[in-house]
>>> print(open('upload_26.cif').read())   # mmCIF, C-alpha atoms
data_input
loop_
_atom_site.label_atom_id
_atom_site.label_comp_id
_atom_site.auth_asym_id
_atom_site.auth_seq_id
_atom_site.Cartn_x
_atom_site.Cartn_y
_atom_site.Cartn_z
CA MET A 5 -23.48 -14.03 -6.84
CA ARG A 6 -22.59 -13.27 -10.44
CA LEU A 7 -22.20 -15.96 -13.05
CA THR A 8 -21.05 -15.21 -16.57
CA ILE A 9 -21.38 -17.67 -19.38
CA ASP A 10 -19.94 -16.88 -22.78
CA THR A 11 -22.56 -18.21 -25.16
CA GLU A 12 -20.18 -18.08 -28.10
CA MET A 13 -17.24 -19.87 -26.49
CA ASP A 14 -18.73 -22.11 -23.77
CA THR A 15 -20.51 -25.34 -24.60
CA TYR A 16 -23.85 -26.28 -23.09
CA GLU A 17 -22.10 -28.77 -20.81
CA GLN A 18 -19.67 -26.09 -19.61
CA ALA A 19 -22.53 -23.71 -18.86
CA ILE A 20 -24.46 -26.35 -16.90
CA ALA A 21 -21.31 -27.31 -14.99
CA ALA A 22 -20.69 -23.63 -14.13
CA VAL A 23 -24.25 -23.22 -12.80
CA GLN A 24 -23.96 -26.43 -10.78
CA ALA A 25 -20.63 -25.31 -9.34
CA ALA A 26 -22.12 -21.92 -8.43
CA TYR A 27 -24.79 -23.69 -6.38
CA GLY A 28 -22.30 -25.98 -4.68
CA LEU A 29 -23.11 -29.08 -6.66
CA ARG A 30 -20.22 -31.24 -7.75
CA PRO A 31 -20.57 -31.56 -11.50
CA VAL A 32 -18.58 -33.91 -13.62
CA ALA A 33 -16.54 -31.66 -15.88
CA PRO A 34 -16.51 -32.54 -19.57
CA ALA A 35 -13.27 -34.17 -20.67
CA ASP A 36 -12.58 -31.45 -23.24
CA TRP A 37 -13.09 -28.60 -20.75
CA PRO A 38 -9.74 -26.86 -20.26
CA GLU A 39 -8.29 -26.57 -16.79
CA ALA A 40 -8.83 -23.24 -15.12
CA PRO A 41 -5.66 -21.16 -14.86
CA ALA A 42 -3.98 -21.19 -11.48
CA VAL A 43 -4.91 -18.21 -9.36
CA ASP A 44 -1.98 -16.13 -8.21
CA PRO A 45 -2.24 -15.73 -4.46
CA ARG A 46 -2.60 -12.14 -3.35
CA PRO A 47 0.53 -10.79 -1.72
CA ASP A 48 0.20 -10.36 2.01
CA PRO A 49 2.11 -8.31 4.58
CA GLN A 50 3.08 -11.64 6.17
CA ASP A 51 5.17 -12.22 3.02
CA LEU A 52 7.49 -9.47 4.27
CA SER A 53 10.38 -10.23 6.58
CA SER A 54 10.03 -9.83 10.33
CA ASP A 55 13.82 -9.73 10.74
CA ASP A 56 15.43 -6.57 12.11
CA ILE A 57 16.75 -4.49 9.22
CA GLY A 58 17.99 -1.67 11.42
CA ASP A 59 17.23 -0.10 14.79
CA GLY A 60 14.38 -2.53 15.52
CA TRP A 61 12.59 -1.95 12.22
CA SER A 62 11.39 -4.87 10.10
CA GLU A 63 9.69 -4.93 6.71
CA GLN A 64 6.43 -5.97 8.40
CA THR A 65 6.64 -3.04 10.83
CA LEU A 66 7.35 -0.66 7.95
CA PHE A 67 4.27 -1.98 6.17
CA GLN A 68 2.16 -1.41 9.29
CA VAL A 69 3.39 2.18 9.39
CA ILE A 70 2.60 2.70 5.69
CA ALA A 71 -0.87 1.19 6.11
CA SER A 72 -1.64 3.44 9.09
CA LEU A 73 -0.49 6.72 7.57
CA MET A 74 -2.86 9.33 6.26
CA PRO A 75 -2.81 9.17 2.45
CA GLY A 76 -0.94 12.47 2.04
CA ALA A 77 1.83 11.43 4.43
CA ARG A 78 2.02 8.02 2.72
CA THR A 79 2.47 9.73 -0.65
CA VAL A 80 5.23 12.00 0.68
CA LEU A 81 7.02 9.06 2.30
CA ARG A 82 6.72 7.16 -0.99
CA ARG A 83 8.23 10.09 -2.92
CA ILE A 84 11.20 10.35 -0.55
CA THR A 85 11.68 6.57 -0.73
CA ASP A 86 11.55 6.65 -4.54
CA LEU A 87 14.24 9.35 -4.51
CA GLY A 88 16.61 7.06 -2.61
CA GLY A 89 15.83 8.24 0.90
CA THR A 90 17.36 11.71 0.82
CA THR A 91 15.90 14.79 -0.80
CA SER A 92 15.53 18.49 -0.18
CA PHE A 93 12.58 20.23 1.40
CA ASP A 94 12.26 22.32 -1.77
CA GLU A 95 12.05 19.29 -4.07
CA VAL A 96 9.27 17.76 -1.96
CA GLN A 97 7.38 21.06 -1.73
CA GLN A 98 7.60 21.70 -5.49
CA TYR A 99 6.59 18.14 -6.33
CA PHE A 100 3.47 18.25 -4.18
CA ALA A 101 2.47 21.86 -4.86
CA ASN A 102 0.82 20.82 -8.15
CA HIS A 103 0.56 17.06 -7.68
CA PRO A 104 -2.35 15.72 -9.78
CA THR A 105 -3.84 13.39 -7.14
CA THR A 106 -2.42 14.55 -3.81
CA PRO A 107 -1.70 18.29 -3.92
CA ILE A 108 -0.21 19.55 -0.66
CA PRO A 109 0.43 23.28 -0.23
CA ALA A 110 3.94 24.05 1.07
CA ALA A 111 2.45 25.55 4.24
CA LYS A 112 0.64 22.27 5.04
CA LEU A 113 3.46 19.84 4.26
CA GLY A 114 4.80 19.84 7.83
CA GLY A 115 1.32 19.15 9.19
CA THR A 116 0.86 16.33 6.70
CA LEU A 117 4.09 14.71 7.89
CA THR A 118 2.98 14.73 11.53
CA SER A 119 1.06 11.55 10.64
CA ILE A 120 4.43 9.79 10.26
CA LYS A 121 5.57 10.80 13.75
CA ALA A 122 2.24 9.87 15.32
CA VAL A 123 2.08 6.47 13.63
CA GLN A 124 5.72 5.69 14.48
CA ARG A 125 5.04 6.39 18.17
CA ARG A 126 2.10 3.98 18.07
CA ILE A 127 3.48 1.23 15.80
CA GLY A 128 7.24 1.66 15.46
CA PRO A 129 9.84 -0.08 17.57
CA THR A 130 10.41 1.37 21.03
CA ASP A 131 13.27 3.90 21.14
CA ALA A 132 13.94 3.53 17.39
CA SER A 133 15.34 6.46 15.48
CA ARG A 134 12.84 8.38 13.42
CA LEU A 135 11.77 6.71 10.21
CA LEU A 136 11.80 10.06 8.41
CA GLN A 137 14.58 12.27 9.71
CA ARG A 138 14.55 15.98 9.10
CA ASN A 139 17.67 18.15 8.92
CA ASP A 140 16.45 21.74 9.20
CA ARG A 141 19.93 23.23 8.76
CA ALA A 142 20.62 21.41 5.47
CA ARG A 143 16.88 21.46 4.60
CA LEU A 144 16.86 17.73 3.86
CA TYR A 145 14.62 14.77 4.53
CA HIS A 146 16.46 11.51 5.11
CA ILE A 147 15.61 7.84 5.58
CA ASP A 148 18.37 5.39 6.56
CA ARG A 149 19.47 3.19 3.64
CA PRO A 150 18.36 -0.20 5.06
CA LEU A 151 14.94 1.27 5.78
CA VAL A 152 14.65 2.60 2.21
CA GLU A 153 14.99 -0.93 0.85
CA GLY A 154 12.49 -2.26 3.39
CA LEU A 155 10.07 0.56 2.53
CA ARG A 156 10.33 -0.29 -1.17
CA ARG A 157 9.30 -3.88 -0.46
CA ALA A 158 6.54 -2.71 1.88
CA PHE A 159 5.25 -0.23 -0.72
CA ALA A 160 5.17 -3.04 -3.31
CA ILE A 161 2.77 -4.96 -1.05
CA ALA A 162 0.82 -1.75 -0.38
CA ASP A 163 0.42 -1.22 -4.14
CA ALA A 164 -0.88 -4.76 -4.54
CA ARG A 165 -3.18 -4.50 -1.50
CA PRO A 166 -4.69 -0.99 -1.38
CA ASP A 167 -7.57 -2.53 0.58
CA LEU A 168 -5.25 -2.65 3.60
CA MET A 169 -4.39 1.07 3.48
CA ARG A 170 -5.94 3.76 5.63
CA GLY A 171 -8.18 6.11 3.65
CA GLU A 172 -9.13 9.73 4.04
CA PRO A 173 -11.18 10.30 7.20
CA THR A 174 -13.96 12.11 5.33
CA ALA A 175 -14.38 9.24 2.87
CA ARG A 176 -14.45 6.73 5.70
CA LEU A 177 -16.99 8.74 7.70
CA ALA A 178 -19.29 9.06 4.70
CA SER A 179 -19.17 5.31 4.08
CA ASP A 180 -19.83 4.61 7.79
CA ARG A 181 -23.07 6.62 7.66
CA LYS A 182 -24.55 4.49 4.89
#
>>> encode(input="upload_26.cif", output="structure tokens")
Amino acid sequence: MRLTIDTEMDTYEQAIAAVQAAYGLRPVAPADWPEAPAVDPRPDPQDLSSDDIGDGWSEQTLFQVIASLMPGARTVLRRITDLGGTTSFDEVQQYFANHPTTPIPAAKLGGTLTSIKAVQRRIGPTDASRLLQRNDRARLYHIDRPLVEGLRRAFAIADARPDLMRGEPTARLASDRK
């Protein structure tokens, strides 16, 4: 437990009340002690809609997919979503070739994206179209428009709750050994 008392701002009564509260005692708060600000509740995946937004997909299902993806695949999916759901292979390859936090060599991009297929098979709706469609002839990645909007909302929750996201396997294995 950590307790911080500001000796310049807090009064003696406030400090004693904080210590009592930390130990589960029910102190009588001084009348001049200001009310604590309301705590904003943390966003939760349950805040997302479970309604079908297209082909069996819901915002909650999209969040589950995002949370289960390997970080590199999640970053690529995020980039394509941020670009409106359709972008060229070349744009994605160039963007990630020198990405500051998640560099992905062009030769490994396809392997990185296999995480999306694998997670969709496990979590996605049965017989749903692919979340990330690939047009090899036009050299484009595409996500259906309703799913782009659902992914944006799901990514907003993912940004607020990184604790729910899957991490790199090597980082997880190292922390498991401790």
>>> residues_around(input="upload_26.cif", residues="segment 110-118 of chain A", least_positions_apart="2", cutoff="7 Å", atoms="only C-alpha atoms", output="list in words")
Gly76, Ala77, Gln97, Ala101, Ile108, Ile120, Lys121 and Ala122 of chain A
>>> residues_around(input="upload_26.cif", residues="Leu135 of chain A", least_positions_apart="3", cutoff="8 Å", atoms="only C-alpha atoms", output="PyMOL selection string")
chain A and resi 120+124+147-148+151
>>> atom_distance(input="upload_26.cif", atom1="atom CA of Gly154 of chain A", atom2="atom CA of Ile57 of chain A")
7.6 Å
>>> axis_aligned_box(input="upload_26.cif", around="segment 124-139 of chain A", padding_each_side="5 Å", output="lines of an AutoDock Vina configuration file")
center_x = 9.9
center_y = 9.0
center_z = 14.8
size_x = 25.6
size_y = 28.2
size_z = 22.7
>>> atom_distance(input="upload_26.cif", atom1="atom CA of Thr65 of chain A", atom2="atom CA of Pro129 of chain A")
8.0 Å
>>> residues_around(input="upload_26.cif", residues="Gln50 of chain A", least_positions_apart="6", cutoff="12 Å", atoms="only C-alpha atoms", output="NGL selection string")
:A and (62-68 or 157-158 or 161)
>>> write_last_selection(input="upload_26.cif", atoms="C-alpha atoms", output="PDB file, keeping the file's coordinate frame")
ATOM      1  CA  SER A  62      11.390  -4.870  10.100  1.00  0.00           C
ATOM      2  CA  GLU A  63       9.690  -4.930   6.710  1.00  0.00           C
ATOM      3  CA  GLN A  64       6.430  -5.970   8.400  1.00  0.00           C
ATOM      4  CA  THR A  65       6.640  -3.040  10.830  1.00  0.00           C
ATOM      5  CA  LEU A  66       7.350  -0.660   7.950  1.00  0.00           C
ATOM      6  CA  PHE A  67       4.270  -1.980   6.170  1.00  0.00           C
ATOM      7  CA  GLN A  68       2.160  -1.410   9.290  1.00  0.00           C
ATOM      8  CA  ARG A 157       9.300  -3.880  -0.460  1.00  0.00           C
ATOM      9  CA  ALA A 158       6.540  -2.710   1.880  1.00  0.00           C
ATOM     10  CA  ILE A 161       2.770  -4.960  -1.050  1.00  0.00           C
TER      11      ILE A 161
END
>>> closest_residue(input="upload_26.cif", among="A:Gly60, A:Pro45, A:Gly28, A:Gly88", to="Gly128 of chain A", atoms="all atoms listed in the file")
A:Gly60
>>> atom_distance(input="upload_26.cif", atom1="atom CA of Pro109 of chain A", atom2="atom CA of Thr79 of chain A")
13.7 Å
>>> resolve_selection(input="upload_26.cif", expression="the PyMOL selection byres ((chain A and resi 99) around 12)", output="list in words")
Thr79, Val80, Arg83, Ile84, Leu87, Thr91, Ser92, Phe93, Asp94, Glu95, Val96, Gln97, Gln98, Phe100, Ala101, Asn102, His103, Pro104, Thr105, Thr106, Pro107, Ile108, Pro109, Ala110 and Leu113 of chain A
>>> residues_around(input="upload_26.cif", residues="Leu7 of chain A", least_positions_apart="5", cutoff="8 Å", atoms="all atoms listed in the file", output="MDAnalysis selection string")
chainID A and resid 22:23 26
>>> closest_residue(input="upload_26.cif", among="A:Arg78, A:Arg165, A:Ala71, A:Tyr145", to="Ile127 of chain A", atoms="all atoms listed in the file")
A:Ala71
>>> closest_residue(input="upload_26.cif", among="A:Val69, A:Asn139, A:Ser119, A:Ala164", to="Thr90 of chain A", atoms="only C-alpha atoms")
A:Asn139
>>> closest_residue(input="upload_26.cif", among="A:Pro75, A:Gly89, A:Pro38, A:Pro47", to="Val152 of chain A", atoms="only C-alpha atoms")
A:Gly89
>>> closest_residue(input="upload_26.cif", among="A:Glu12, A:Asp86, A:Glu39, A:Asp48", to="Glu153 of chain A", atoms="only C-alpha atoms")
A:Asp86
>>> residues_near_point(input="upload_26.cif", point="(-7.0, 8.9, 6.2)", cutoff="6 Å", atoms="only C-alpha atoms", output="list in words")
Met74, Pro75, Arg170, Gly171, Glu172 and Pro173 of chain A
>>> decode(input="upload_26.cif", residues="segment 116-130 of chain A", atoms="all heavy atoms", output="PDB file, in the first residue's frame")
ATOM      1  N   THR A 116       3.126 -11.816 -40.727  1.00  0.00           N
ATOM      2  CA  THR A 116       2.566 -11.060 -39.606  1.00  0.00           C
ATOM      3  C   THR A 116       1.044 -11.083 -39.668  1.00  0.00           C
ATOM      4  O   THR A 116       0.371 -11.225 -38.653  1.00  0.00           O
ATOM      5  CB  THR A 116       3.083  -9.605 -39.636  1.00  0.00           C
ATOM      6  OG1 THR A 116       4.507  -9.636 -39.522  1.00  0.00           O
ATOM      7  CG2 THR A 116       2.501  -8.772 -38.530  1.00  0.00           C
ATOM      8  N   LEU A 117       0.498 -10.947 -40.867  1.00  0.00           N
ATOM      9  CA  LEU A 117      -0.950 -10.885 -41.029  1.00  0.00           C
ATOM     10  C   LEU A 117      -1.637 -12.232 -40.869  1.00  0.00           C
ATOM     11  O   LEU A 117      -2.856 -12.285 -40.763  1.00  0.00           O
ATOM     12  CB  LEU A 117      -1.300 -10.259 -42.385  1.00  0.00           C
ATOM     13  CG  LEU A 117      -0.880  -8.795 -42.525  1.00  0.00           C
ATOM     14  CD1 LEU A 117      -1.194  -8.278 -43.922  1.00  0.00           C
ATOM     15  CD2 LEU A 117      -1.538  -7.932 -41.477  1.00  0.00           C
ATOM     16  N   THR A 118      -0.880 -13.325 -40.821  1.00  0.00           N
ATOM     17  CA  THR A 118      -1.520 -14.623 -40.598  1.00  0.00           C
ATOM     18  C   THR A 118      -2.175 -14.671 -39.218  1.00  0.00           C
ATOM     19  O   THR A 118      -3.096 -15.456 -38.999  1.00  0.00           O
ATOM     20  CB  THR A 118      -0.527 -15.800 -40.731  1.00  0.00           C
ATOM     21  OG1 THR A 118       0.521 -15.627 -39.794  1.00  0.00           O
ATOM     22  CG2 THR A 118       0.015 -15.900 -42.143  1.00  0.00           C
ATOM     23  N   SER A 119      -1.721 -13.837 -38.301  1.00  0.00           N
ATOM     24  CA  SER A 119      -2.345 -13.769 -36.975  1.00  0.00           C
ATOM     25  C   SER A 119      -3.814 -13.373 -37.102  1.00  0.00           C
ATOM     26  O   SER A 119      -4.662 -13.865 -36.365  1.00  0.00           O
ATOM     27  CB  SER A 119      -1.592 -12.768 -36.090  1.00  0.00           C
ATOM     28  OG  SER A 119      -2.226 -12.592 -34.855  1.00  0.00           O
ATOM     29  N   ILE A 120      -4.122 -12.490 -38.064  1.00  0.00           N
ATOM     30  CA  ILE A 120      -5.511 -12.053 -38.244  1.00  0.00           C
ATOM     31  C   ILE A 120      -6.375 -13.230 -38.678  1.00  0.00           C
ATOM     32  O   ILE A 120      -7.460 -13.452 -38.134  1.00  0.00           O
ATOM     33  CB  ILE A 120      -5.605 -10.878 -39.246  1.00  0.00           C
ATOM     34  CG1 ILE A 120      -4.868  -9.657 -38.677  1.00  0.00           C
ATOM     35  CG2 ILE A 120      -7.057 -10.536 -39.561  1.00  0.00           C
ATOM     36  CD1 ILE A 120      -4.745  -8.485 -39.618  1.00  0.00           C
ATOM     37  N   LYS A 121      -5.904 -13.994 -39.652  1.00  0.00           N
ATOM     38  CA  LYS A 121      -6.669 -15.163 -40.116  1.00  0.00           C
ATOM     39  C   LYS A 121      -6.869 -16.177 -38.991  1.00  0.00           C
ATOM     40  O   LYS A 121      -7.960 -16.702 -38.799  1.00  0.00           O
ATOM     41  CB  LYS A 121      -5.957 -15.839 -41.284  1.00  0.00           C
ATOM     42  CG  LYS A 121      -5.958 -15.071 -42.560  1.00  0.00           C
ATOM     43  CD  LYS A 121      -5.203 -15.864 -43.621  1.00  0.00           C
ATOM     44  CE  LYS A 121      -4.898 -15.021 -44.826  1.00  0.00           C
ATOM     45  NZ  LYS A 121      -4.058 -15.730 -45.807  1.00  0.00           N
ATOM     46  N   ALA A 122      -5.797 -16.458 -38.262  1.00  0.00           N
ATOM     47  CA  ALA A 122      -5.873 -17.463 -37.202  1.00  0.00           C
ATOM     48  C   ALA A 122      -6.836 -17.030 -36.102  1.00  0.00           C
ATOM     49  O   ALA A 122      -7.652 -17.823 -35.631  1.00  0.00           O
ATOM     50  CB  ALA A 122      -4.479 -17.703 -36.621  1.00  0.00           C
ATOM     51  N   VAL A 123      -6.766 -15.771 -35.709  1.00  0.00           N
ATOM     52  CA  VAL A 123      -7.648 -15.283 -34.647  1.00  0.00           C
ATOM     53  C   VAL A 123      -9.094 -15.257 -35.133  1.00  0.00           C
ATOM     54  O   VAL A 123     -10.011 -15.606 -34.399  1.00  0.00           O
ATOM     55  CB  VAL A 123      -7.184 -13.888 -34.154  1.00  0.00           C
ATOM     56  CG1 VAL A 123      -8.223 -13.233 -33.283  1.00  0.00           C
ATOM     57  CG2 VAL A 123      -5.863 -14.020 -33.408  1.00  0.00           C
ATOM     58  N   GLN A 124      -9.316 -14.856 -36.387  1.00  0.00           N
ATOM     59  CA  GLN A 124     -10.691 -14.829 -36.902  1.00  0.00           C
ATOM     60  C   GLN A 124     -11.296 -16.225 -36.896  1.00  0.00           C
ATOM     61  O   GLN A 124     -12.459 -16.392 -36.546  1.00  0.00           O
ATOM     62  CB  GLN A 124     -10.755 -14.244 -38.310  1.00  0.00           C
ATOM     63  CG  GLN A 124     -12.188 -14.237 -38.825  1.00  0.00           C
ATOM     64  CD  GLN A 124     -12.354 -13.566 -40.168  1.00  0.00           C
ATOM     65  OE1 GLN A 124     -11.536 -12.753 -40.560  1.00  0.00           O
ATOM     66  NE2 GLN A 124     -13.418 -13.907 -40.860  1.00  0.00           N
ATOM     67  N   ARG A 125     -10.514 -17.238 -37.268  1.00  0.00           N
ATOM     68  CA  ARG A 125     -11.043 -18.611 -37.249  1.00  0.00           C
ATOM     69  C   ARG A 125     -11.460 -19.016 -35.840  1.00  0.00           C
ATOM     70  O   ARG A 125     -12.432 -19.724 -35.647  1.00  0.00           O
ATOM     71  CB  ARG A 125      -9.991 -19.598 -37.774  1.00  0.00           C
ATOM     72  CG  ARG A 125      -9.944 -19.703 -39.263  1.00  0.00           C
ATOM     73  CD  ARG A 125      -9.116 -20.901 -39.708  1.00  0.00           C
ATOM     74  NE  ARG A 125      -7.759 -20.915 -39.198  1.00  0.00           N
ATOM     75  CZ  ARG A 125      -6.720 -20.361 -39.799  1.00  0.00           C
ATOM     76  NH1 ARG A 125      -6.883 -19.721 -40.932  1.00  0.00           N
ATOM     77  NH2 ARG A 125      -5.522 -20.438 -39.271  1.00  0.00           N
ATOM     78  N   ARG A 126     -10.714 -18.546 -34.838  1.00  0.00           N
ATOM     79  CA  ARG A 126     -10.974 -18.942 -33.457  1.00  0.00           C
ATOM     80  C   ARG A 126     -12.068 -18.096 -32.812  1.00  0.00           C
ATOM     81  O   ARG A 126     -12.879 -18.604 -32.055  1.00  0.00           O
ATOM     82  CB  ARG A 126      -9.669 -18.795 -32.671  1.00  0.00           C
ATOM     83  CG  ARG A 126      -9.644 -19.469 -31.354  1.00  0.00           C
ATOM     84  CD  ARG A 126      -8.256 -19.562 -30.744  1.00  0.00           C
ATOM     85  NE  ARG A 126      -7.332 -18.491 -31.034  1.00  0.00           N
ATOM     86  CZ  ARG A 126      -7.192 -17.393 -30.303  1.00  0.00           C
ATOM     87  NH1 ARG A 126      -7.918 -17.219 -29.245  1.00  0.00           N
ATOM     88  NH2 ARG A 126      -6.309 -16.482 -30.640  1.00  0.00           N
ATOM     89  N   ILE A 127     -12.117 -16.804 -33.122  1.00  0.00           N
ATOM     90  CA  ILE A 127     -13.001 -15.886 -32.409  1.00  0.00           C
ATOM     91  C   ILE A 127     -14.132 -15.342 -33.272  1.00  0.00           C
ATOM     92  O   ILE A 127     -15.222 -15.089 -32.782  1.00  0.00           O
ATOM     93  CB  ILE A 127     -12.180 -14.708 -31.826  1.00  0.00           C
ATOM     94  CG1 ILE A 127     -11.235 -15.241 -30.768  1.00  0.00           C
ATOM     95  CG2 ILE A 127     -13.070 -13.617 -31.265  1.00  0.00           C
ATOM     96  CD1 ILE A 127     -10.275 -14.217 -30.226  1.00  0.00           C
ATOM     97  N   GLY A 128     -13.871 -15.154 -34.557  1.00  0.00           N
ATOM     98  CA  GLY A 128     -14.844 -14.510 -35.438  1.00  0.00           C
ATOM     99  C   GLY A 128     -16.113 -15.320 -35.617  1.00  0.00           C
ATOM    100  O   GLY A 128     -16.175 -16.509 -35.284  1.00  0.00           O
ATOM    101  N   PRO A 129     -17.132 -14.665 -36.154  1.00  0.00           N
ATOM    102  CA  PRO A 129     -18.392 -15.368 -36.409  1.00  0.00           C
ATOM    103  C   PRO A 129     -18.193 -16.493 -37.423  1.00  0.00           C
ATOM    104  O   PRO A 129     -17.376 -16.381 -38.330  1.00  0.00           O
ATOM    105  CB  PRO A 129     -19.310 -14.287 -36.983  1.00  0.00           C
ATOM    106  CG  PRO A 129     -18.575 -13.004 -36.900  1.00  0.00           C
ATOM    107  CD  PRO A 129     -17.165 -13.279 -36.559  1.00  0.00           C
ATOM    108  N   THR A 130     -18.950 -17.552 -37.252  1.00  0.00           N
ATOM    109  CA  THR A 130     -18.874 -18.697 -38.162  1.00  0.00           C
ATOM    110  C   THR A 130     -19.302 -18.272 -39.558  1.00  0.00           C
ATOM    111  O   THR A 130     -20.301 -17.578 -39.735  1.00  0.00           O
ATOM    112  CB  THR A 130     -19.795 -19.829 -37.664  1.00  0.00           C
ATOM    113  OG1 THR A 130     -19.469 -20.099 -36.303  1.00  0.00           O
ATOM    114  CG2 THR A 130     -19.632 -21.086 -38.491  1.00  0.00           C
TER     115      THR A 130
END
